[in-house]
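Accompanying notes for the structure given below.
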Amino acid sequence: FCYFDILVGKLAGKEVSSQVYTLNGRGPPSLLQILRHGAAMTELAVSDLPGNSCAYDKYIVVSFANATLVLSVGDTEKEMGKELGFLTNEPTLACSALGRNGRICQVHPAG
């Protein structure tokens, strides 16, 4: 199983704005990452992902009103939309894995 956790907060106590803390991986290669931004952020919602992630989970697709974000899941998180051929400047209406070769189909308003 792939383990991942995320927390937004001011854990050290002296930060001016909240930071994003992530726990990634499992065993010796696991790591804690801290994302520090200069701009203040406000946490609007918290939502656990449904189900259990496993070794077969590779991507998380997040669709916005005018864009799509595709994140790799695993030891590190990385934006993968353009590398996978997604139109990242369009919302995604649906997407699905095709077969076992790692191909993903994106359905968007333009096609």
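Convention: chains lettered A, B, ... in structure tokens order; per-chain residue numbering from 1; ligands numbered from 1 as shown.
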Considering only C-alpha atoms, return as number ranges by chain whatever protein or nucleic-acid residues lie within 12 Å of Glu77 (chain A), sequence-local ones (same chain, fewer than 2 positions apart) excluded.
A: 4-6, 22-25, 31, 33, 58-60, 69-75, 79-80
Generate the output file for the selected residues, N, CA and C atoms, as an mmCIF file, in the first residue's frame.
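Printed below is out-v8.cif as written:
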```cif
data_model
loop_
_atom_site.group_PDB
_atom_site.id
_atom_site.type_symbol
_atom_site.label_atom_id
_atom_site.label_comp_id
_atom_site.auth_asym_id
_atom_site.auth_seq_id
_atom_site.Cartn_x
_atom_site.Cartn_y
_atom_site.Cartn_z
ATOM 1 N N PHE A 4 0.132 8.116 2.419
ATOM 2 C CA PHE A 4 0.273 9.539 2.141
ATOM 3 C C PHE A 4 -0.593 10.284 3.144
ATOM 4 N N ASP A 5 -0.048 11.334 3.696
ATOM 5 C CA ASP A 5 -0.834 12.170 4.598
ATOM 6 C C ASP A 5 -0.415 13.609 4.371
ATOM 7 N N ILE A 6 -1.339 14.519 4.639
ATOM 8 C CA ILE A 6 -1.066 15.942 4.424
ATOM 9 C C ILE A 6 -1.685 16.736 5.572
ATOM 10 N N THR A 22 3.701 17.204 4.149
ATOM 11 C CA THR A 22 3.245 15.955 3.538
ATOM 12 C C THR A 22 4.147 14.806 3.974
ATOM 13 N N LEU A 23 3.524 13.644 4.184
ATOM 14 C CA LEU A 23 4.241 12.402 4.460
ATOM 15 C C LEU A 23 4.076 11.518 3.241
ATOM 16 N N ASN A 24 5.177 11.064 2.662
ATOM 17 C CA ASN A 24 5.139 10.313 1.416
ATOM 18 C C ASN A 24 5.926 9.025 1.550
ATOM 19 N N GLY A 25 5.469 7.989 0.874
ATOM 20 C CA GLY A 25 6.219 6.744 0.797
ATOM 21 C C GLY A 25 6.007 5.839 1.981
ATOM 22 N N LEU A 31 9.471 10.049 3.236
ATOM 23 C CA LEU A 31 10.001 11.366 3.560
ATOM 24 C C LEU A 31 8.912 12.318 4.007
ATOM 25 N N GLN A 33 7.887 16.264 3.654
ATOM 26 C CA GLN A 33 8.145 17.454 2.853
ATOM 27 C C GLN A 33 7.386 18.626 3.454
ATOM 28 N N LYS A 58 -1.846 5.407 -9.705
ATOM 29 C CA LYS A 58 -0.734 6.173 -10.266
ATOM 30 C C LYS A 58 -0.993 7.667 -10.297
ATOM 31 N N TYR A 59 -2.277 8.083 -10.455
ATOM 32 C CA TYR A 59 -2.559 9.496 -10.657
ATOM 33 C C TYR A 59 -3.808 9.923 -9.899
ATOM 34 N N ILE A 60 -3.839 11.204 -9.543
ATOM 35 C CA ILE A 60 -5.043 11.862 -9.040
ATOM 36 C C ILE A 60 -5.357 12.964 -10.039
ATOM 37 N N LEU A 69 -5.713 19.390 -13.319
ATOM 38 C CA LEU A 69 -4.446 19.105 -12.672
ATOM 39 C C LEU A 69 -4.334 17.595 -12.516
ATOM 40 N N VAL A 70 -3.235 17.009 -12.987
ATOM 41 C CA VAL A 70 -2.999 15.572 -12.857
ATOM 42 C C VAL A 70 -1.741 15.394 -12.017
ATOM 43 N N LEU A 71 -1.878 14.738 -10.860
ATOM 44 C CA LEU A 71 -0.755 14.534 -9.954
ATOM 45 C C LEU A 71 -0.372 13.067 -9.929
ATOM 46 N N SER A 72 0.915 12.777 -9.971
ATOM 47 C CA SER A 72 1.369 11.399 -9.815
ATOM 48 C C SER A 72 1.265 11.033 -8.340
ATOM 49 N N VAL A 73 1.017 9.772 -8.063
ATOM 50 C CA VAL A 73 0.901 9.275 -6.695
ATOM 51 C C VAL A 73 2.030 8.284 -6.489
ATOM 52 N N GLY A 74 2.721 8.377 -5.397
ATOM 53 C CA GLY A 74 3.821 7.460 -5.129
ATOM 54 C C GLY A 74 4.786 8.068 -4.145
ATOM 55 N N ASP A 75 6.072 7.747 -4.317
ATOM 56 C CA ASP A 75 7.077 8.257 -3.394
ATOM 57 C C ASP A 75 7.183 9.771 -3.455
ATOM 58 N N GLU A 79 3.267 17.119 -10.947
ATOM 59 C CA GLU A 79 2.229 17.435 -11.927
ATOM 60 C C GLU A 79 2.599 16.732 -13.238
ATOM 61 N N MET A 80 1.662 15.925 -13.766
ATOM 62 C CA MET A 80 1.950 15.073 -14.928
ATOM 63 C C MET A 80 1.008 15.313 -16.106
#
```
With only C-alpha atoms as the counted atoms, please give the residues lying no more than 8 Å from Leu35 (chain A), apart from itself and same-chain residues fewer than 2 positions off, as a PyMOL selection string.
chain A and resi 19-21+33+37
For the selection just defined, write its residues with N, CA, C and O atoms to a file, as a PDB file, in the first residue's frame.
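The resulting file, selection-v4.pdb, is reproduced below:
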```pdb
ATOM      1  N   GLN A  19       1.893  26.394   6.556  1.00  0.00           N
ATOM      2  CA  GLN A  19       2.747  25.609   5.678  1.00  0.00           C
ATOM      3  C   GLN A  19       2.041  24.291   5.374  1.00  0.00           C
ATOM      4  O   GLN A  19       1.178  23.860   6.126  1.00  0.00           O
ATOM      5  N   VAL A  20       2.432  23.653   4.276  1.00  0.00           N
ATOM      6  CA  VAL A  20       1.872  22.361   3.904  1.00  0.00           C
ATOM      7  C   VAL A  20       2.920  21.297   4.241  1.00  0.00           C
ATOM      8  O   VAL A  20       4.053  21.356   3.762  1.00  0.00           O
ATOM      9  N   TYR A  21       2.537  20.334   5.101  1.00  0.00           N
ATOM     10  CA  TYR A  21       3.406  19.234   5.479  1.00  0.00           C
ATOM     11  C   TYR A  21       2.848  17.963   4.838  1.00  0.00           C
ATOM     12  O   TYR A  21       1.655  17.675   4.961  1.00  0.00           O
ATOM     13  N   GLN A  33       7.887  16.264   3.654  1.00  0.00           N
ATOM     14  CA  GLN A  33       8.145  17.454   2.853  1.00  0.00           C
ATOM     15  C   GLN A  33       7.386  18.626   3.454  1.00  0.00           C
ATOM     16  O   GLN A  33       6.262  18.468   3.916  1.00  0.00           O
ATOM     17  N   HIS A  37       5.404  28.944   1.546  1.00  0.00           N
ATOM     18  CA  HIS A  37       5.131  29.992   0.564  1.00  0.00           C
ATOM     19  C   HIS A  37       5.244  31.349   1.228  1.00  0.00           C
ATOM     20  O   HIS A  37       5.036  31.480   2.430  1.00  0.00           O
TER      21      HIS A  37
END
```
Can you list, as a PDB file with C-alpha atoms, in the first residue's frame, every protein, DNA or RNA residue that comes within 12 Å of region 99-106 of chain A when you count only C-alpha atoms, leaving out same-chain residues fewer than 6 positions away?
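Written file, result-v8.pdb:
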```
ATOM      1  CA  TYR A  56      -1.873   0.267  -8.858  1.00  0.00           C
ATOM      2  CA  ASP A  57      -2.866   3.869  -8.120  1.00  0.00           C
ATOM      3  CA  LYS A  58      -0.734   6.173 -10.266  1.00  0.00           C
ATOM      4  CA  TYR A  59      -2.559   9.496 -10.657  1.00  0.00           C
ATOM      5  CA  ILE A  60      -5.043  11.862  -9.040  1.00  0.00           C
ATOM      6  CA  VAL A  61      -7.004  13.989 -11.527  1.00  0.00           C
ATOM      7  CA  VAL A  62      -8.473  17.254 -10.200  1.00  0.00           C
ATOM      8  CA  SER A  63     -10.770  19.238 -12.477  1.00  0.00           C
ATOM      9  CA  THR A  68      -7.201  20.185 -15.039  1.00  0.00           C
ATOM     10  CA  LEU A  69      -4.446  19.105 -12.672  1.00  0.00           C
ATOM     11  CA  VAL A  70      -2.999  15.572 -12.857  1.00  0.00           C
ATOM     12  CA  MET A  80       1.950  15.073 -14.928  1.00  0.00           C
ATOM     13  CA  GLY A  81      -0.899  16.501 -17.058  1.00  0.00           C
ATOM     14  CA  LYS A  82       1.083  17.619 -20.104  1.00  0.00           C
ATOM     15  CA  GLU A  83       3.354  14.553 -20.014  1.00  0.00           C
ATOM     16  CA  LEU A  84       0.266  12.333 -20.196  1.00  0.00           C
ATOM     17  CA  GLY A  85      -1.267  14.344 -23.050  1.00  0.00           C
ATOM     18  CA  PHE A  86      -4.036  15.974 -20.989  1.00  0.00           C
ATOM     19  CA  LEU A  87      -5.400  19.362 -22.008  1.00  0.00           C
ATOM     20  CA  THR A  88      -4.570  21.166 -18.789  1.00  0.00           C
ATOM     21  CA  GLU A  90      -9.718  22.680 -20.058  1.00  0.00           C
ATOM     22  CA  PRO A  91     -11.877  21.084 -17.331  1.00  0.00           C
ATOM     23  CA  THR A  92     -12.011  17.284 -17.343  1.00  0.00           C
ATOM     24  CA  LEU A  93     -15.540  15.873 -17.506  1.00  0.00           C
TER      25      LEU A  93
END
```
